[in-house]
Structure formats: structure tokens, C-alpha cells
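J.: Just passing along the structure, written as C-alpha cells.
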Amino acid sequence: MAESTRVVIVGGGFAGFQAARSLSRALPKDAPVEIVLVNRTDYFLYLPLLPEVAAAVVDPRRVTVSLPAALPRVRLALGEVTSVSLEDRTVDYTDPEGGTHDLSYDRLIFASGSANKLLPIPGVAEHAHGFRGVAEALYLRDHVIRQVELAAATDDRAERDARCTFVVVGAGYTGTEVAAQGPLFTSAIVKRHKELRDQKMRWILLDIAPKVLPELDPRLSRAADKVLRKRGVEVGTGTSVKEATREGVLLTSGEFVATRTLAWCVGVRPDPVAEATGLRTEKGRLCVEPNLRVPGHPEVFACGDAAAVPDLTRPGEVTAMTAQHAARQGTLAGKNVAASLGYGALLRDYKHHDLGFVVDLGGLDAAANPLRIPLSGFPAKVVTRGYHLLAMPGNRIRTAVDWALDAVLGRQSVQLGLVRSDAVPLETAKPR
């Protein structure tokens, strides 16, 4: 091994963060290896708690963990990767101030993550907002508060109804959690406005799938559906948006819904940079061997949403694009890169049986299936919050304190005005 070996990791999400951490732990302190992490932000984002940020349950700082603090042996290169040259073994990136840089590498871990999935629906790009980052969560939080406050200030019944109607598209994990938190949030805001005492707060959850949370056990899907409907959420399965305008949305059912809020939680697609490498891909994800190496390029590894990792527990399939797989693949990628440099055992294959999933529905409700045991209600809530505290790489005590304060004091409903609408367009090209 050369004296100055450099490992470059593209992306600081679940896969990239865990890859950097496991690699730094696998290397002796005196190992002549430099680890460089290229990421758009200086923090790791714990995505699963973003709906609670949007609903004013958790402070946004709780879901962000400083990369330099959490990864002291890793050098952070702040910027967005624009290209990768496999022939020259270099990574080009642009920093936040527009400066261009290139990094040479001896090993590359491609963990660039995913971007919003935008369907070709007229008006969606102009009038919808995604839900993939802190800025978008803060924008939605302020936007909902603002709509309620503007509704309280008008005597126009049609305008008031439109401002008090909130449409969420996508009944997967994120969309379901946003829609479930919504009525609790608007109920807390309305208590401060006597003008809206008799005003209906209308939350609508849409998805072309036949049920909410189609990925989960049918019993959990039914439990989540029951909670949503009990809170007054209108669940429109088999339905989506046909066209979006400034005044509202036209549904595929033919109904027009007057609204000022369209939250786009349809799903994600692999970071386009993966396909731009010229390597073989499957549905936009880099094809890799079970040990996460890219065929024909033993110096390149890929993991997480950007990689089509063979699922050894389901022959013939690839692993799903979930945080659970991304984190575990990242951990293995770090260890395998260390092994390829002569530190540690032989390269191992990725094989992981799902441990179950958790969905926080706000209040005392949740749905979970730890170790394939379906739970709902308060028991699921305990499991869900316990899982998040264990999975978070930092801020555990602060997050638990926020939960306790919310339970005792309720949530705050003040517009911070930190994020403007034009600052969070429905971005589909950049990973989060």
C-alpha cells in the first residue's frame, strides 16, 4: 500500500455516513490512509424525524448531526459532486461558493443517495414542494401556520376553505407520517384563533396504490389507515393529481380541490450522478457484486440508494431503497474497503434480513413490526421512538427532551420565516 492512500466517499447520508464511520474505526490510528467525505452539507440528516420537524414537535437541529464532530478522523469536502472519472480516478465537485475542485482517489465509495421522484404531471414542479430536507420541512411548518393565520384574517368563505385544505401526495412512510401529524398540528394552531372555531381543517392523502403504506404488513397498513381516518384525514387510494394550479389540484377522479398546499412525498429515485459515471446501472442504481464492489473496477464500491445490491435473502432481487439497508451497506462498505487496503478480514458479502419497520403517526399512535411482530397504538409508539433513539448517531437526549416537552407543553406555532417558497423548489436533480 502506498504511503498516501486516499479513500473518497461520495455522499453523507445513511450509507456514506456509516461507511466513513466504519472505515475510520477499522483503520489503525497510525494508518497512512486519508478519508475524504464529499457532501453538500456539513451535517448528517436523520430523515425519519423530518415529519416531526414540520409539525413543530422536534427542533430542526435535533435531526442534524455535525459530520466533523461525529467523524473526527474524516476530512469533509463541502460541495456537490458533478462528475467522476474512473480512468483518472478523480472526483470533481463544486463547493457552496461556486468553486470547482477535484480529488484523486485510490478507493471510491459511491453513496450519493437519492433525489425526489417527479412524475410528468402539469403544474406539479411549479406548485408543489418536496419533503427531503430540513429547509423543506421548515418551509412546510411555516406555510401551514401561515395558511391558517391568513384564513383567520379573511371573511371570504371560499378562500378560507382553500387555505385550510392541505393535500399530501404519496402514502408511503413520509407522506403517511406528514398526513398523520397534520391534523394534530393544525388543531394546535386553530386553538389560538377563535375566528376558526367552526372551520374544518381538511387534510387529504393521495396515492395511486390501493392502500396506505403498501410496503408494510396488511395489518399495519390497516392500523395506520384507521388512525388517519379517525383524525379526519381523507384517504384517497387509487387516486393522484392530474394537474396542479395556483388555485388547487385536479384529481384523477375528476374532482377539483381548492388548496394552497401541495406536499409532494411520492418517493425517490437514485442520484443522477450514478448513471453519469457510465457504469452499468439497474433502474438508475449502480450494479455491484454482493461484496459491494463495482464489477471491473475493484477500487470502486457502491452502497445505499445509489447501488443495486443483490438481495441474498431474496435471490434474483436487489435490496430496497431504505435507510435500514443503506446504513448496514455503508457499514459493510467501510469494512470491505479497509480489508481491500490490508486492514481486516477478507471482503464479506452483504446479507441482511429486514428487522421490521416503524411508522410514527403522531400523538400516542404508531405502527411497527419489530422482528415481524405487528404492533399498533401505544406499544408501537414506544418501539418506534426507541428505535429512532438507537438509530440516531447523535442528539438523542435533546430529541427525547423535545418529545417530553411536546407531551407536557404542546407545540409552538410561530412562523420563523427562515425559508421562502422559491428557496425550496421541487428539486429532482440533487440528492439529500
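Note on naming: chains are A, B, ... as they come in the C-alpha cells, residues start from 1 per chain, ligands start from 1 in the order shown.
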Might you pull out every residue within 10 Å of Gly16 of chain A, with only C-alpha atoms counted and same-chain residues fewer than 2 positions away left off, and present them as a PyMOL selection string?

T.: chain A and resi 9-14+18-22+37-39+44+109-113+302-304+326-327+329-331+333-334

J.: Any chance you could export the current selection's N, CA, C and O atoms as a compact mmCIF listing (two decimals), in the first residue's frame?

T.:
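Dumped to selection-v4.txt:
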# COMPACT_ATOMS: atom_id res chain seq x y z
N ILE A 9 -15.34 9.28 -0.27
CA ILE A 9 -16.71 8.82 -0.10
C ILE A 9 -17.64 9.90 -0.64
O ILE A 9 -17.58 11.06 -0.21
N VAL A 10 -18.48 9.53 -1.59
CA VAL A 10 -19.41 10.47 -2.20
C VAL A 10 -20.76 10.35 -1.50
O VAL A 10 -21.45 9.35 -1.63
N GLY A 11 -21.14 11.36 -0.73
CA GLY A 11 -22.43 11.38 -0.06
C GLY A 11 -22.33 11.12 1.43
O GLY A 11 -21.61 10.21 1.86
N GLY A 12 -23.05 11.93 2.21
CA GLY A 12 -23.01 11.81 3.67
C GLY A 12 -24.35 11.44 4.27
O GLY A 12 -24.64 11.83 5.40
N GLY A 13 -25.17 10.68 3.52
CA GLY A 13 -26.43 10.20 4.05
C GLY A 13 -26.21 8.96 4.90
O GLY A 13 -25.12 8.73 5.44
N PHE A 14 -27.24 8.13 5.02
CA PHE A 14 -27.12 6.95 5.86
C PHE A 14 -25.97 6.05 5.41
O PHE A 14 -25.17 5.60 6.23
N GLN A 18 -22.26 6.02 7.51
CA GLN A 18 -21.85 4.76 8.14
C GLN A 18 -20.58 4.20 7.51
O GLN A 18 -19.75 3.60 8.20
N ALA A 19 -20.40 4.41 6.19
CA ALA A 19 -19.18 3.95 5.54
C ALA A 19 -17.97 4.68 6.11
O ALA A 19 -16.93 4.07 6.41
N ALA A 20 -18.09 6.00 6.26
CA ALA A 20 -16.99 6.79 6.81
C ALA A 20 -16.68 6.38 8.24
O ALA A 20 -15.51 6.25 8.63
N ARG A 21 -17.72 6.17 9.03
CA ARG A 21 -17.51 5.81 10.43
C ARG A 21 -16.89 4.42 10.57
O ARG A 21 -15.94 4.24 11.33
N SER A 22 -17.41 3.44 9.84
CA SER A 22 -16.88 2.09 9.98
C SER A 22 -15.46 1.98 9.42
O SER A 22 -14.62 1.26 9.97
N LEU A 37 -14.75 12.82 2.83
CA LEU A 37 -16.19 12.70 2.59
C LEU A 37 -16.69 13.94 1.86
O LEU A 37 -16.56 15.06 2.37
N VAL A 38 -17.25 13.77 0.68
CA VAL A 38 -17.78 14.88 -0.09
C VAL A 38 -19.29 14.93 0.12
O VAL A 38 -20.01 13.97 -0.21
N ASN A 39 -19.78 16.04 0.66
CA ASN A 39 -21.21 16.16 0.94
C ASN A 39 -21.66 17.60 0.78
O ASN A 39 -20.89 18.54 1.01
N PHE A 44 -25.06 15.26 8.91
CA PHE A 44 -25.84 14.07 8.55
C PHE A 44 -27.28 14.35 8.93
O PHE A 44 -27.57 14.84 10.03
N ILE A 109 -15.94 5.16 -2.58
CA ILE A 109 -17.21 4.62 -2.10
C ILE A 109 -18.32 5.52 -2.60
O ILE A 109 -18.41 6.69 -2.21
N PHE A 110 -19.15 4.99 -3.48
CA PHE A 110 -20.21 5.77 -4.08
C PHE A 110 -21.48 5.57 -3.26
O PHE A 110 -22.09 4.50 -3.27
N ALA A 111 -21.85 6.61 -2.51
CA ALA A 111 -23.03 6.54 -1.65
C ALA A 111 -23.82 7.84 -1.79
O ALA A 111 -24.18 8.49 -0.81
N SER A 112 -24.09 8.20 -3.04
CA SER A 112 -24.65 9.53 -3.33
C SER A 112 -26.13 9.68 -3.01
O SER A 112 -26.67 10.78 -3.09
N GLY A 113 -26.80 8.58 -2.67
CA GLY A 113 -28.18 8.69 -2.22
C GLY A 113 -29.19 8.85 -3.34
O GLY A 113 -29.01 8.33 -4.44
N ALA A 302 -19.97 0.68 -4.02
CA ALA A 302 -21.20 1.48 -4.01
C ALA A 302 -22.18 0.87 -3.03
O ALA A 302 -22.21 -0.35 -2.83
N CYS A 303 -22.97 1.72 -2.41
CA CYS A 303 -23.92 1.25 -1.40
C CYS A 303 -25.07 2.22 -1.27
O CYS A 303 -25.02 3.35 -1.76
N GLY A 304 -26.12 1.80 -0.57
CA GLY A 304 -27.27 2.65 -0.34
C GLY A 304 -28.17 2.78 -1.57
O GLY A 304 -28.18 1.92 -2.46
N ALA A 326 -29.40 0.99 3.66
CA ALA A 326 -28.32 1.94 3.38
C ALA A 326 -27.32 1.99 4.52
O ALA A 326 -26.10 1.96 4.30
N ALA A 327 -27.81 2.05 5.75
CA ALA A 327 -26.91 2.14 6.90
C ALA A 327 -26.05 0.88 7.03
O ALA A 327 -24.83 0.96 7.27
N GLN A 329 -25.38 -1.38 4.64
CA GLN A 329 -24.46 -1.49 3.50
C GLN A 329 -23.29 -0.54 3.66
O GLN A 329 -22.14 -0.89 3.31
N GLY A 330 -23.55 0.66 4.17
CA GLY A 330 -22.46 1.60 4.40
C GLY A 330 -21.45 1.06 5.39
O GLY A 330 -20.23 1.17 5.18
N THR A 331 -21.94 0.46 6.45
CA THR A 331 -21.04 -0.13 7.45
C THR A 331 -20.17 -1.21 6.81
O THR A 331 -18.95 -1.26 7.04
N ALA A 333 -19.48 -1.53 3.57
CA ALA A 333 -18.59 -0.93 2.57
C ALA A 333 -17.32 -0.41 3.23
O ALA A 333 -16.21 -0.59 2.71
N GLY A 334 -17.47 0.25 4.38
CA GLY A 334 -16.29 0.76 5.09
C GLY A 334 -15.35 -0.36 5.49
O GLY A 334 -14.12 -0.26 5.33

J.: Pick out the residues sitting within 12 Å of Thr100 of chain A, and hand them over as a ChimeraX atom specification; count only C-alpha atoms, and ignore anything fewer than 6 positions along from it in its own chain.

T.: /A:77-83,91-94

J.: Could you pull out the residues in segment 29-233 of chain A that DSSP calls strand (DSSP E or B) from the backbone, as an NGL selection string?

T.: :A and (33-39 or 43-45 or 64-66 or 74-78 or 80-85 or 90-94 or 100-104 or 107-110 or 114-116 or 129 or 165-169 or 202-207)

J.: Between atom CA of Trp203 of chain A and atom CA of Thr165 of chain A, measure the distance and give it in Å to one decimal.

T.: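 Computing the Euclidean distance for atom CA of Trp203 of chain A and atom CA of Thr165 of chain A yields 5.9 Å.
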
J.: DSSP on the backbone, then: every residue of segment 139-383 of chain A marked alpha helix (DSSP H), written as a PyMOL selection string.

T.: chain A and resi 139-152+157-163+173-190+218-230+273-276+323-340+377-383

J.: Go through A:His101, A:His352, A:His388, A:Arg75 one by one, measure the shortest atom-to-atom distance of each to Leu332 of chain A using only C-alpha atoms, and give the residue with the smallest value.

T.: A:His352

J.: Would you mind telling me which residue in A:Pro310, A:Gly170, A:Gly344, A:Gly394 lies nearest to Ala69 of chain A when using only C-alpha atoms?

T.: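 Using only C-alpha atoms, the shortest distance to Ala69 of chain A belongs to A:Gly394.
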
J.: Name the closest residue to Asn336 of chain A among the candidates A:Leu220, A:Leu27, A:Val235, A:Leu292; distances are taken between atoms, counting only C-alpha atoms.

T.: A:Leu292
